[in-house]
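A short write-up of the structure that comes next.
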Amino acid sequence: MQNTAAIILAAGQGKRMNSTTPKVLHKILGRSLISFPLSLVERAGCKKVVVVVGHGIEKVQAEVSDLDKTKCVSFAVQSEQRGTGHAVMCALPNLAEHTGPILILSGDVPLLDDESLKALNCEFQKSKTMAMLTFVPADPSGYGRIIRRDGFPVAIREHRDCLSEELKIPEVNAGVYMIDSDFLRSGV
């Protein structure tokens with residue numbers, strides 16, 4: 001993925017995990033959750049990576065710094081966790097000089113793989129503006145629904161904000177996006 005920067009969202013508390021440990025520092029298969037997206041963006045060739053931190057800043061920064069083999073990671077602080085859009089806005093100053101695509105993903109995605117990123121990049125290359133990953137789970141409860149018009153996604157409606165008809169939509173947001181940097185900045 002030529003000239004792609006990445007933003008990894010790692011500021012959340014992980015309230016549903018009932019733990020004081022920052023969500024991205026929980027272990028799976030002997031590795032911290034944050035290690036998986038860091039490895040993924042490294043394999044994808046991202047030369048600039050911004051990790052958005054908030055809850056447990058010092059611990060998360062220490063873990064990421066230990067894992068950063070390419071030394072291409074910088075940090076942005078989201079002092080108040082006010083959602084994905086706000087986290088991305090916090091990261092943008094670190095990418096002020098970047099032109100081209102920006103990959104946005106969560107810090108807790110251990111199962112996201114290279115093939116999914118290739119598919120995302122392929123869709124992005126068609127649009128040159130934005131692409132996102134979606135999926136259809138057995139139970140979409142709690143996930144943001146993908147609202148489509150004429151086959152094209154036009155909105156992501158958080159579960160708590162859905163109308164009763166929208167709750168019947170099975171396609172949900174995976175929280176992984178690739179977006180042109182100029183297009184992204186135009187929406188801020």
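Chain identifiers are assigned as A, B, and so on, following the order in which chains appear in the structure tokens; residues are numbered from 1 within each chain, and ligands are numbered from 1 in order of appearance.
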Near Ser181 in chain A, within 10 Å and counting only C-alpha atoms, which residues show up once chain neighbours fewer than 5 positions away are dropped, as a list in words? Thr4, Ala5, Leu92, Leu95, Ala96, Glu97, His98, Thr99, Gly100, Pro101, Ile102, Leu103, Thr129, Met130 and Ser186 of chain A
Backbone DSSP call of strand (DSSP E) for range 11-159 of chain A, listed as a PyMOL selection string: chain A and resi 27-28+31-32+49-53+73-77+101-106+130-135+145-149+152-157
Quick one: write out the picked residues with N, CA and C atoms as a short mmCIF file (atom, residue, chain, number, x, y, z; two decimals), in the first residue's frame?
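Here's the written file selection_14.cif:
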data_model
loop_
_atom_site.label_atom_id
_atom_site.label_comp_id
_atom_site.auth_asym_id
_atom_site.auth_seq_id
_atom_site.Cartn_x
_atom_site.Cartn_y
_atom_site.Cartn_z
N LYS A 27 -4.03 -9.32 26.89
CA LYS A 27 -3.27 -10.32 26.11
C LYS A 27 -4.19 -11.32 25.43
N ILE A 28 -3.78 -11.70 24.25
CA ILE A 28 -4.40 -12.80 23.52
C ILE A 28 -3.26 -13.55 22.82
N ARG A 31 0.19 -12.17 23.41
CA ARG A 31 0.57 -10.85 22.88
C ARG A 31 -0.49 -9.83 23.28
N SER A 32 -0.06 -8.58 23.42
CA SER A 32 -1.02 -7.51 23.69
C SER A 32 -1.89 -7.30 22.44
N VAL A 49 2.82 6.08 11.26
CA VAL A 49 1.76 5.47 12.06
C VAL A 49 1.52 6.36 13.26
N VAL A 50 0.27 6.73 13.49
CA VAL A 50 -0.10 7.52 14.66
C VAL A 50 -0.97 6.63 15.54
N VAL A 51 -0.58 6.46 16.78
CA VAL A 51 -1.37 5.72 17.75
C VAL A 51 -2.04 6.75 18.65
N VAL A 52 -3.37 6.72 18.68
CA VAL A 52 -4.13 7.64 19.52
C VAL A 52 -4.29 7.00 20.88
N VAL A 53 -3.79 7.68 21.91
CA VAL A 53 -3.82 7.16 23.27
C VAL A 53 -4.69 8.05 24.14
N VAL A 73 6.30 5.21 14.55
CA VAL A 73 5.09 5.52 15.32
C VAL A 73 5.24 6.83 16.07
N SER A 74 4.19 7.65 15.99
CA SER A 74 4.08 8.82 16.85
C SER A 74 2.77 8.68 17.63
N PHE A 75 2.60 9.52 18.62
CA PHE A 75 1.42 9.42 19.47
C PHE A 75 0.61 10.71 19.41
N ALA A 76 -0.70 10.54 19.48
CA ALA A 76 -1.63 11.66 19.62
C ALA A 76 -2.47 11.35 20.86
N VAL A 77 -2.78 12.38 21.62
CA VAL A 77 -3.54 12.18 22.86
C VAL A 77 -4.98 12.62 22.66
N PRO A 101 -3.48 8.06 0.97
CA PRO A 101 -4.45 7.37 1.82
C PRO A 101 -4.02 7.27 3.28
N ILE A 102 -5.04 7.23 4.13
CA ILE A 102 -4.84 7.00 5.56
C ILE A 102 -5.69 5.80 5.95
N LEU A 103 -5.05 4.80 6.53
CA LEU A 103 -5.73 3.63 7.04
C LEU A 103 -6.08 3.91 8.49
N ILE A 104 -7.33 3.70 8.86
CA ILE A 104 -7.79 3.93 10.23
C ILE A 104 -8.32 2.60 10.76
N LEU A 105 -7.78 2.16 11.90
CA LEU A 105 -8.23 0.91 12.49
C LEU A 105 -8.11 0.96 14.00
N SER A 106 -8.79 0.06 14.63
CA SER A 106 -8.77 0.00 16.09
C SER A 106 -7.53 -0.72 16.59
N MET A 130 -12.72 6.93 -0.41
CA MET A 130 -12.91 6.24 0.86
C MET A 130 -13.41 4.83 0.64
N ALA A 131 -12.99 3.93 1.51
CA ALA A 131 -13.51 2.57 1.55
C ALA A 131 -13.54 2.13 3.00
N MET A 132 -14.42 1.17 3.31
CA MET A 132 -14.50 0.67 4.68
C MET A 132 -14.84 -0.81 4.65
N LEU A 133 -14.48 -1.48 5.73
CA LEU A 133 -14.83 -2.88 5.88
C LEU A 133 -16.12 -2.99 6.68
N THR A 134 -16.98 -3.89 6.22
CA THR A 134 -18.22 -4.19 6.93
C THR A 134 -18.31 -5.71 7.06
N PHE A 135 -19.23 -6.17 7.89
CA PHE A 135 -19.47 -7.60 8.00
C PHE A 135 -20.90 -7.85 8.46
N ARG A 145 -24.91 0.07 12.39
CA ARG A 145 -25.47 -0.45 11.15
C ARG A 145 -25.01 0.38 9.96
N ILE A 146 -24.83 -0.28 8.83
CA ILE A 146 -24.47 0.38 7.59
C ILE A 146 -25.76 0.74 6.87
N ILE A 147 -25.98 2.03 6.71
CA ILE A 147 -27.15 2.53 6.01
C ILE A 147 -26.75 2.75 4.55
N ARG A 148 -27.44 2.08 3.65
CA ARG A 148 -27.13 2.19 2.22
C ARG A 148 -28.27 2.85 1.47
N ARG A 149 -27.89 3.56 0.43
CA ARG A 149 -28.86 4.14 -0.49
C ARG A 149 -28.38 3.78 -1.89
N PHE A 152 -25.02 2.03 -2.09
CA PHE A 152 -23.82 2.70 -1.57
C PHE A 152 -24.02 3.09 -0.11
N PRO A 153 -22.99 2.88 0.72
CA PRO A 153 -23.12 3.29 2.12
C PRO A 153 -23.18 4.81 2.23
N VAL A 154 -24.14 5.29 2.99
CA VAL A 154 -24.30 6.74 3.17
C VAL A 154 -24.20 7.14 4.64
N ALA A 155 -24.27 6.15 5.55
CA ALA A 155 -24.19 6.48 6.98
C ALA A 155 -23.87 5.23 7.78
N ILE A 156 -23.32 5.47 8.95
CA ILE A 156 -23.15 4.42 9.95
C ILE A 156 -23.96 4.89 11.15
N ARG A 157 -24.96 4.12 11.51
CA ARG A 157 -25.82 4.52 12.63
C ARG A 157 -25.50 3.62 13.82
#
Contacts of Met1 in chain A at 9 Å (only C-alpha atoms; same-chain gap of 2+ positions) as a PDB file with C-alpha atoms, in the first residue's frame:
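Printed below is result11.pdb as written:
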ATOM      1  CA  ASN A   3       2.257   6.035   0.542  1.00  0.00           C
ATOM      2  CA  THR A   4      -0.334   4.949   3.120  1.00  0.00           C
ATOM      3  CA  ALA A  44       1.357  -3.244   4.866  1.00  0.00           C
ATOM      4  CA  GLY A  45       4.291  -0.864   4.496  1.00  0.00           C
ATOM      5  CA  CYS A  46       2.862   2.132   6.362  1.00  0.00           C
ATOM      6  CA  PRO A 101      -4.452   7.371   1.817  1.00  0.00           C
ATOM      7  CA  LYS A 118      -5.711  -5.872   0.440  1.00  0.00           C
ATOM      8  CA  ASN A 121      -7.118  -1.146  -0.570  1.00  0.00           C
TER       9      ASN A 121
END
Might you pull out every residue within 6 Å of range 158-166 of chain A, with only C-alpha atoms counted and same-chain residues fewer than 6 positions away left off, and present them as a PyMOL selection string? chain A and resi 142-144
Using C-alpha atoms, can you write the selected residues to a file as an mmCIF file, in the first residue's frame?
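File again-v1.cif, as written:
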data_model
loop_
_atom_site.group_PDB
_atom_site.id
_atom_site.type_symbol
_atom_site.label_atom_id
_atom_site.label_comp_id
_atom_site.auth_asym_id
_atom_site.auth_seq_id
_atom_site.Cartn_x
_atom_site.Cartn_y
_atom_site.Cartn_z
ATOM 1 C CA GLY A 142 -24.440 -3.492 19.705
ATOM 2 C CA TYR A 143 -22.837 -2.794 16.320
ATOM 3 C CA GLY A 144 -23.274 0.297 14.162
#
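With only C-alpha atoms as the atoms that count, the minimum distance from Pro140 in chain A to the choices A:Lys168, A:Lys23, A:His86, A:Lys59 is reached by A:Lys168.
When only C-alpha atoms are used to compute distances to Ala10 in chain A, the closest of the residues A:Cys90, A:Ala62, A:Val41, A:Gly107 turns out to be A:Gly107.
Pairwise distance (CA of Val64 in chain A, CA of Gln2 in chain A) equals 23.2 Å.
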Compile the contact shell of Leu29 in chain A as a list in words: residues with an atom at most 12 Å away, counting only C-alpha atoms, same-chain residues fewer than 6 positions apart removed.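 Everything that qualifies: Ser35, Phe36, Pro110 and Leu111 of chain A.
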Can you list, as a CSV table (one decimal) with all heavy atoms, in the first residue's frame, every protein, DNA or RNA residue that comes within 9 Å of Gly56 in chain A when you count only C-alpha atoms, leaving out same-chain residues fewer than 3 positions away?
chain,number,residue,atom,x,y,z
A,11,ALA,N,-7.3,4.6,22.5
A,11,ALA,CA,-7.5,5.5,23.7
A,11,ALA,C,-8.5,5.0,24.6
A,11,ALA,O,-8.7,5.5,25.7
A,11,ALA,CB,-7.9,6.9,23.2
A,12,GLY,N,-9.3,4.0,24.2
A,12,GLY,CA,-10.5,3.5,25.0
A,12,GLY,C,-10.1,2.8,26.3
A,12,GLY,O,-9.0,2.2,26.4
A,13,GLN,N,-11.1,2.8,27.2
A,13,GLN,CA,-10.9,2.2,28.5
A,13,GLN,C,-11.2,0.7,28.4
A,13,GLN,O,-10.7,-0.1,29.2
A,13,GLN,CB,-11.9,2.8,29.5
A,13,GLN,CG,-11.5,4.2,29.9
A,13,GLN,CD,-12.5,4.8,30.9
A,13,GLN,OE1,-13.1,4.0,31.7
A,13,GLN,NE2,-12.6,6.1,30.9
A,20,THR,N,-9.3,-2.6,34.9
A,20,THR,CA,-8.6,-1.3,34.9
A,20,THR,C,-7.5,-1.3,33.9
A,20,THR,O,-6.9,-0.2,33.6
A,20,THR,CB,-8.1,-1.0,36.3
A,20,THR,OG1,-7.2,-2.1,36.7
A,20,THR,CG2,-9.2,-0.9,37.3
A,21,THR,N,-7.1,-2.4,33.3
A,21,THR,CA,-6.1,-2.5,32.3
A,21,THR,C,-6.6,-1.8,31.0
A,21,THR,O,-7.7,-2.2,30.6
A,21,THR,CB,-5.6,-3.9,32.0
A,21,THR,OG1,-5.2,-4.5,33.2
A,21,THR,CG2,-4.6,-4.0,31.0
A,22,PRO,N,-5.8,-0.9,30.4
A,22,PRO,CA,-6.3,-0.4,29.1
A,22,PRO,C,-6.6,-1.5,28.1
A,22,PRO,O,-5.9,-2.5,28.1
A,22,PRO,CB,-5.1,0.4,28.6
A,22,PRO,CG,-4.4,0.8,29.9
A,22,PRO,CD,-4.6,-0.4,30.8
A,53,VAL,N,-3.8,7.7,21.9
A,53,VAL,CA,-3.8,7.2,23.3
A,53,VAL,C,-4.7,8.1,24.1
A,53,VAL,O,-4.9,9.2,23.8
A,53,VAL,CB,-2.4,7.1,23.9
A,53,VAL,CG1,-1.6,6.0,23.1
A,53,VAL,CG2,-1.7,8.4,23.8
A,59,LYS,N,1.3,3.6,30.0
A,59,LYS,CA,1.4,2.1,29.8
A,59,LYS,C,1.3,1.8,28.3
A,59,LYS,O,2.0,0.9,27.8
A,59,LYS,CB,0.4,1.4,30.6
A,59,LYS,CG,0.6,1.4,32.1
A,59,LYS,CD,-0.5,0.6,32.8
A,59,LYS,CE,-0.3,0.7,34.3
A,59,LYS,NZ,-1.3,0.0,35.1
A,60,VAL,N,0.3,2.4,27.6
A,60,VAL,CA,0.1,2.1,26.2
A,60,VAL,C,1.3,2.6,25.4
A,60,VAL,O,1.8,1.9,24.5
A,60,VAL,CB,-1.2,2.7,25.7
A,60,VAL,CG1,-1.4,2.5,24.2
A,60,VAL,CG2,-2.4,2.1,26.5
A,61,GLN,N,1.8,3.8,25.7
A,61,GLN,CA,2.9,4.3,25.0
A,61,GLN,C,4.2,3.4,25.2
A,61,GLN,O,4.9,3.2,24.2
A,61,GLN,CB,3.2,5.8,25.4
A,61,GLN,CG,2.3,6.8,24.8
A,61,GLN,CD,2.6,8.2,25.3
A,61,GLN,OE1,3.0,8.4,26.5
A,61,GLN,NE2,2.4,9.1,24.4
